[in-house]
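run20.txt follows (compact mmCIF, C-alpha atoms):
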# COMPACT_ATOMS: atom_id res chain seq x y z
CA MET A 1 -49.95 8.83 -33.10
CA THR A 2 -53.23 9.63 -34.79
CA SER A 3 -55.21 7.21 -32.66
CA THR A 4 -55.59 6.95 -28.93
CA PRO A 5 -52.82 4.64 -27.62
CA VAL A 6 -53.66 1.62 -25.54
CA ILE A 7 -52.57 2.03 -21.96
CA LEU A 8 -51.28 -1.07 -20.18
CA LEU A 9 -51.04 -0.74 -16.43
CA LEU A 10 -49.15 -3.05 -14.10
CA LYS A 11 -50.42 -4.07 -10.71
CA ARG A 12 -49.60 -1.00 -8.69
CA SER A 13 -49.85 0.87 -5.44
CA GLY A 14 -49.63 4.58 -4.75
CA GLN A 15 -48.10 4.03 -1.32
CA SER A 16 -44.45 3.98 -0.33
CA SER A 17 -42.90 0.72 0.89
CA ASP A 18 -45.87 -1.26 -0.43
CA ARG A 19 -44.24 -4.43 -1.75
CA PRO A 20 -46.52 -7.05 -3.25
CA GLN A 21 -47.23 -10.26 -1.42
CA THR A 22 -46.45 -13.51 -3.25
CA SER A 23 -50.19 -14.16 -3.29
CA VAL A 24 -50.73 -10.99 -5.34
CA VAL A 25 -48.34 -11.64 -8.25
CA GLN A 26 -47.46 -14.73 -10.24
CA ASN A 27 -43.99 -15.97 -11.15
CA GLY A 28 -42.41 -13.38 -13.45
CA GLU A 29 -45.25 -10.89 -13.09
CA LEU A 30 -44.36 -7.26 -12.40
CA ALA A 31 -45.82 -4.98 -9.77
CA ILE A 32 -44.97 -1.40 -8.95
CA ALA A 33 -45.24 0.91 -5.94
CA VAL A 34 -45.11 4.58 -6.92
CA GLY A 35 -44.99 6.20 -3.45
CA ALA A 36 -42.25 8.82 -3.80
CA ALA A 37 -40.57 8.13 -0.43
CA ASP A 38 -39.82 4.47 -1.25
CA PRO A 39 -40.85 3.48 -4.79
CA GLY A 40 -39.94 0.22 -6.45
CA LEU A 41 -40.54 -2.24 -9.27
CA TYR A 42 -40.90 -5.85 -8.15
CA PHE A 43 -41.33 -9.37 -9.51
CA GLU A 44 -41.58 -12.88 -8.13
CA ASP A 45 -38.59 -15.08 -8.91
CA SER A 46 -38.53 -18.84 -9.59
CA ALA A 47 -37.94 -19.54 -5.90
CA GLY A 48 -41.13 -17.72 -4.96
CA SER A 49 -39.37 -14.69 -3.49
CA ILE A 50 -40.23 -11.07 -4.25
CA ARG A 51 -37.26 -9.28 -5.82
CA LYS A 52 -36.80 -5.55 -6.24
CA ILE A 53 -35.55 -4.32 -9.61
CA GLY A 54 -34.97 -0.73 -8.54
CA PRO A 55 -34.37 2.05 -7.92
CA SER A 56 -31.52 2.14 -5.40
CA HIS A 57 -32.87 3.66 -2.20
CA TYR A 58 -31.44 6.88 -0.75
CA GLY A 59 -32.17 8.03 2.77
CA THR A 60 -31.30 7.96 6.44
CA THR A 61 -33.26 4.74 6.99
CA ALA A 62 -33.17 1.48 5.06
CA PRO A 63 -35.78 0.84 2.37
CA ASN A 64 -38.99 -0.83 3.54
CA SER A 65 -38.23 0.11 7.14
CA THR A 66 -41.96 0.68 7.72
CA PRO A 67 -43.59 -1.77 5.30
CA VAL A 68 -47.14 -1.26 4.09
CA GLY A 69 -47.11 -4.56 2.19
CA LEU A 70 -44.56 -7.39 2.26
CA ALA A 71 -41.91 -6.89 4.94
CA GLY A 72 -38.18 -7.32 4.47
CA ASN A 73 -35.75 -6.69 1.61
CA SER A 74 -34.58 -8.66 -1.40
CA VAL A 75 -31.06 -10.05 -1.87
CA GLY A 76 -28.91 -7.62 -3.86
CA GLU A 77 -31.07 -4.60 -3.05
CA LEU A 78 -29.07 -1.36 -2.77
CA TRP A 79 -29.27 1.50 -0.30
CA THR A 80 -27.23 4.70 -0.05
CA ASP A 81 -27.18 5.47 3.66
CA SER A 82 -27.21 9.25 4.15
CA SER A 83 -27.41 9.07 7.94
CA THR A 84 -23.66 9.77 8.17
CA GLY A 85 -21.30 12.02 6.28
CA SER A 86 -19.72 8.98 4.60
CA TYR A 87 -22.82 8.19 2.47
CA TYR A 88 -22.17 4.46 2.44
CA LEU A 89 -23.52 2.34 -0.39
CA LYS A 90 -24.90 -0.88 1.10
CA VAL A 91 -26.30 -4.12 -0.30
CA TRP A 92 -28.75 -6.49 1.37
CA THR A 93 -27.09 -9.91 1.74
CA GLY A 94 -30.23 -11.67 2.85
CA GLY A 95 -29.51 -11.11 6.50
CA ALA A 96 -27.81 -7.74 6.87
CA TRP A 97 -26.80 -4.54 5.09
CA GLN A 98 -23.19 -4.84 3.91
CA LYS A 99 -21.09 -1.81 2.97
CA VAL A 100 -19.86 -2.11 -0.61
CA GLY A 101 -19.04 1.50 -1.48
CA ALA A 102 -17.08 4.00 0.63
CA GLY A 103 -16.61 1.16 3.09
CA PHE A 104 -12.89 1.33 2.53
CA ALA A 105 -13.16 5.04 3.35
CA ASP A 106 -13.59 3.90 6.96
CA SER A 107 -9.90 3.14 7.25
CA ALA A 108 -9.06 5.97 4.87
CA THR A 109 -10.44 8.44 7.36
CA THR A 110 -7.92 7.16 9.88
CA ALA A 111 -5.23 6.98 7.22
CA THR A 112 -3.91 10.23 8.61
CA THR A 113 -2.06 7.94 11.01
CA ALA A 114 0.03 7.15 7.95
CA THR A 115 1.55 10.56 8.53
CA THR A 116 3.48 8.85 11.30
CA ALA A 117 5.40 7.29 8.43
CA THR A 118 7.24 10.60 8.35
CA PHE A 119 9.30 9.00 11.08
CA ALA A 120 10.86 7.13 8.20
CA THR A 121 12.38 10.44 7.20
CA GLN A 122 14.76 9.85 10.08
CA ALA A 123 16.31 7.29 7.77
CA SER A 124 17.47 10.25 5.71
CA THR A 125 20.39 10.41 8.12
CA ALA A 126 21.58 7.33 6.27
CA THR A 127 21.95 9.50 3.19
CA LEU A 128 24.94 11.03 4.91
CA SER A 129 26.69 7.68 4.85
CA SER A 130 26.58 6.83 1.16
CA GLY A 131 28.04 3.38 0.78
CA THR A 132 28.86 3.02 4.46
CA ILE A 133 28.62 -0.51 5.83
CA LEU A 134 28.18 -0.68 9.58
CA ALA A 135 29.13 -4.10 10.88
CA SER A 136 28.30 -5.35 14.34
CA GLY A 137 30.55 -3.90 17.02
CA ALA A 138 30.75 -0.38 15.52
CA VAL A 139 29.81 1.28 18.78
CA PHE A 140 30.04 4.87 17.55
CA SER A 141 28.97 4.05 14.01
CA ARG A 142 26.76 7.12 13.68
CA THR A 143 29.88 9.15 13.15
CA ALA A 144 30.47 6.94 10.11
CA THR A 145 27.95 9.17 8.37
CA LEU A 146 30.93 11.38 7.55
CA ALA A 147 32.90 8.58 5.94
CA LEU A 148 31.74 8.00 2.37
CA GLY A 149 32.55 4.50 1.26
CA THR A 150 33.98 3.52 4.61
CA ILE A 151 33.61 -0.12 5.61
CA LEU A 152 33.42 -0.62 9.35
CA ALA A 153 34.34 -4.16 10.21
CA SER A 154 33.26 -5.99 13.32
CA GLY A 155 35.26 -4.71 16.24
CA ALA A 156 35.80 -1.16 14.94
CA LEU A 157 34.74 0.37 18.23
CA PHE A 158 35.69 3.92 17.39
CA ALA A 159 34.45 4.12 13.81
CA ASN A 160 34.51 7.92 13.97
CA THR A 161 38.21 7.65 13.11
CA ALA A 162 36.94 6.69 9.68
CA THR A 163 35.94 10.32 9.20
CA LEU A 164 39.59 11.03 8.43
CA ALA A 165 39.91 8.28 5.85
CA SER A 166 37.40 8.70 3.02
CA GLY A 167 37.57 5.41 1.13
CA ALA A 168 39.71 3.71 3.77
CA ILE A 169 39.08 0.11 4.72
CA LEU A 170 39.04 -0.48 8.44
CA ALA A 171 39.70 -4.11 9.24
CA SER A 172 39.05 -5.56 12.66
CA GLY A 173 41.04 -3.16 14.82
CA ALA A 174 43.62 -2.24 12.10
CA ILE A 175 43.55 1.11 10.29
CA GLN A 176 45.23 1.10 6.91
CA SER A 177 45.36 3.43 3.92
CA SER A 178 44.77 2.88 0.22
CA THR A 179 45.82 4.67 -2.93
CA VAL A 180 45.88 4.40 -6.72
CA VAL A 181 49.02 4.67 -8.90
CA LEU A 182 49.24 4.89 -12.67
CA SER A 183 52.31 2.68 -12.94
CA GLY A 184 55.14 1.67 -10.64
CA LEU A 185 54.55 0.34 -7.14
CA PRO A 186 56.36 2.13 -4.28
CA ASN A 187 58.96 0.49 -2.08
CA PRO A 188 57.01 -1.92 0.12
CA VAL A 189 59.39 -1.33 3.03
CA LEU A 190 58.14 2.27 3.21
CA ASN A 191 54.52 1.14 3.62
CA PRO A 192 52.97 -0.65 6.60
CA SER A 193 51.78 -4.21 6.22
CA GLY A 194 48.21 -4.32 4.93
CA THR A 195 48.47 -1.23 2.74
CA LEU A 196 46.37 -1.46 -0.45
CA ILE A 197 47.48 0.02 -3.77
CA TYR A 198 45.76 -0.25 -7.13
CA GLN A 199 48.12 -0.11 -10.15
CA VAL A 200 46.35 1.05 -13.30
CA GLN A 201 49.01 0.01 -15.85
CA PRO A 202 51.52 -2.88 -15.78
CA SER A 203 55.00 -2.04 -14.49
CA GLY A 204 57.92 -4.44 -14.89
CA VAL A 205 56.94 -7.81 -13.43
CA PHE A 206 53.87 -6.33 -11.76
CA ALA A 207 50.63 -6.55 -13.75
CA ALA A 208 47.81 -4.07 -13.39
CA GLY A 209 45.55 -4.78 -10.41
CA LEU A 210 45.03 -4.42 -6.67
CA TYR A 211 48.03 -5.16 -4.45
CA VAL A 212 48.44 -5.59 -0.73
CA ARG A 213 51.71 -5.10 1.14
CA ALA A 214 52.70 -8.32 2.95
CA THR A 215 56.03 -9.89 4.01
CA ASP A 216 58.03 -6.94 2.65
CA THR A 217 56.60 -7.28 -0.87
CA TRP A 218 53.50 -6.50 -2.96
CA LEU A 219 51.02 -9.35 -3.47
CA LEU A 220 48.37 -9.23 -6.21
CA VAL A 221 44.97 -9.65 -4.62

Have the structure of the file written as structure tokens, please.
Amino acid sequence: MTSTPVILLLKRSGQSSDRPQTSVVQNGELAIAVGAADPGLYFEDSAGSIRKIGPSHYGTTAPNSTPVGLAGNSVGELWTDSSTGSYYLKVWTGGAWQKVGAGFADSATTATTATTATFATQASTATLSSGTILASGAVFSRTATLALGTILASGALFANTATLASGAILASGAIQSSTVVLSGLPNPVLNPSGTLIYQVQPSGVFAAGLYVRATDTWLLV
């Protein structure tokens, strides 16, 4: 500029925490406090309250803790509390300072208790029993971890016998075997009642499918 600029100055104070009284400013008029420890730009709102525009306060004590002018804080005013290592961001609600930032870090600091969730790794023992179904009554069912695909029905008190029958179906108390044939069912008389056989291809009068030995014959399931 070639000419001396016009300087417009707001109502102002050089002291910290010197907020204007409502008698000092009019509705919508600005006032500023430039004290470095607690500066602020203020105005009077339509309800007749003094509101702070900024800046957000940083320190170990709340802004306007030792007021030179108007006491108190304005709704929505921000403060970063450096009195603890968490550096909480707080907002004035009109009656108290409410944590709005790092507040959730409170529980996060105790989230190390989540490491107790490693107890869930004990469930990895279940990975040893892929497909195993443990029904009620399987007293020694933990040994079923060795029996892939084994189904332990209610009443199978000694399920560890299933360790010898990978894929076997243990009904209530009865231990039977199962097998798969390409074609041609064996003589049913040579197999105990309850034996399961899956025939892949049709053979004679017997269609492909799962058969169970009953009453000296093969029945399609």

Nearest residue to A:Asn64 from the set A:Val100, A:Ala208, A:Ala47, A:Ala33 (distances using all atoms listed in the file): A:Ala33

Non-local contacts of stretch 8-23 of chain A (9 Å; all atoms listed in the file; under 5 positions in same chain excluded) as a PDB file with C-alpha atoms, keeping the file's coordinate frame:
ATOM      1  CA  GLU A  29     -45.250 -10.890 -13.090  1.00  0.00           C
ATOM      2  CA  LEU A  30     -44.360  -7.260 -12.400  1.00  0.00           C
ATOM      3  CA  ALA A  31     -45.820  -4.980  -9.770  1.00  0.00           C
ATOM      4  CA  ILE A  32     -44.970  -1.400  -8.950  1.00  0.00           C
ATOM      5  CA  ALA A  33     -45.240   0.910  -5.940  1.00  0.00           C
ATOM      6  CA  VAL A  34     -45.110   4.580  -6.920  1.00  0.00           C
ATOM      7  CA  GLY A  35     -44.990   6.200  -3.450  1.00  0.00           C
ATOM      8  CA  ALA A  36     -42.250   8.820  -3.800  1.00  0.00           C
ATOM      9  CA  ALA A  37     -40.570   8.130  -0.430  1.00  0.00           C
ATOM     10  CA  ASP A  38     -39.820   4.470  -1.250  1.00  0.00           C
ATOM     11  CA  PRO A  39     -40.850   3.480  -4.790  1.00  0.00           C
ATOM     12  CA  GLY A  40     -39.940   0.220  -6.450  1.00  0.00           C
ATOM     13  CA  LEU A  41     -40.540  -2.240  -9.270  1.00  0.00           C
ATOM     14  CA  TYR A  42     -40.900  -5.850  -8.150  1.00  0.00           C
ATOM     15  CA  PHE A  43     -41.330  -9.370  -9.510  1.00  0.00           C
ATOM     16  CA  GLU A  44     -41.580 -12.880  -8.130  1.00  0.00           C
ATOM     17  CA  GLY A  48     -41.130 -17.720  -4.960  1.00  0.00           C
ATOM     18  CA  SER A  49     -39.370 -14.690  -3.490  1.00  0.00           C
ATOM     19  CA  ILE A  50     -40.230 -11.070  -4.250  1.00  0.00           C
ATOM     20  CA  LYS A  52     -36.800  -5.550  -6.240  1.00  0.00           C
ATOM     21  CA  PRO A  63     -35.780   0.840   2.370  1.00  0.00           C
ATOM     22  CA  ASN A  64     -38.990  -0.830   3.540  1.00  0.00           C
ATOM     23  CA  SER A  65     -38.230   0.110   7.140  1.00  0.00           C
ATOM     24  CA  THR A  66     -41.960   0.680   7.720  1.00  0.00           C
ATOM     25  CA  PRO A  67     -43.590  -1.770   5.300  1.00  0.00           C
ATOM     26  CA  VAL A  68     -47.140  -1.260   4.090  1.00  0.00           C
ATOM     27  CA  GLY A  69     -47.110  -4.560   2.190  1.00  0.00           C
ATOM     28  CA  LEU A  70     -44.560  -7.390   2.260  1.00  0.00           C
ATOM     29  CA  ALA A  71     -41.910  -6.890   4.940  1.00  0.00           C
TER      30      ALA A  71
END

Coordinates-based distance that separates atom CA of A:Tyr88 from atom CA of A:Gly72 (Å, one decimal):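 About the pair atom CA of A:Gly72 and atom CA of A:Tyr88: they are 20.0 Å apart.
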
Need the shell around A:Pro188: protein/DNA/RNA residues with any atom at most 10 Å away, counting all atoms listed in the file. Skip same-chain ones fewer than 3 positions apart. Format as a compact mmCIF listing (two decimals) with C-alpha atoms, in the frame of the given file?
# COMPACT_ATOMS: atom_id res chain seq x y z
CA LEU A 185 54.55 0.34 -7.14
CA ASN A 191 54.52 1.14 3.62
CA PRO A 192 52.97 -0.65 6.60
CA SER A 193 51.78 -4.21 6.22
CA THR A 195 48.47 -1.23 2.74
CA VAL A 212 48.44 -5.59 -0.73
CA ARG A 213 51.71 -5.10 1.14
CA ALA A 214 52.70 -8.32 2.95
CA THR A 215 56.03 -9.89 4.01
CA ASP A 216 58.03 -6.94 2.65
CA THR A 217 56.60 -7.28 -0.87
CA TRP A 218 53.50 -6.50 -2.96

Length of the atom CA of A:Ser74 to atom CA of A:Lys99 vector [Å]: 15.7 Å

Listed atoms of stretch 204-218 of chain A boxed along x, y and z, 4 Å each side, centre and edge lengths in Å, one decimal, as lines of an AutoDock Vina configuration file:
center_x = 51.5
center_y = -7.0
center_z = -5.4
size_x = 21.0
size_y = 13.8
size_z = 26.9

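Atom CA of A:Ser183 is found 15.4 Å from atom CA of A:Leu219.
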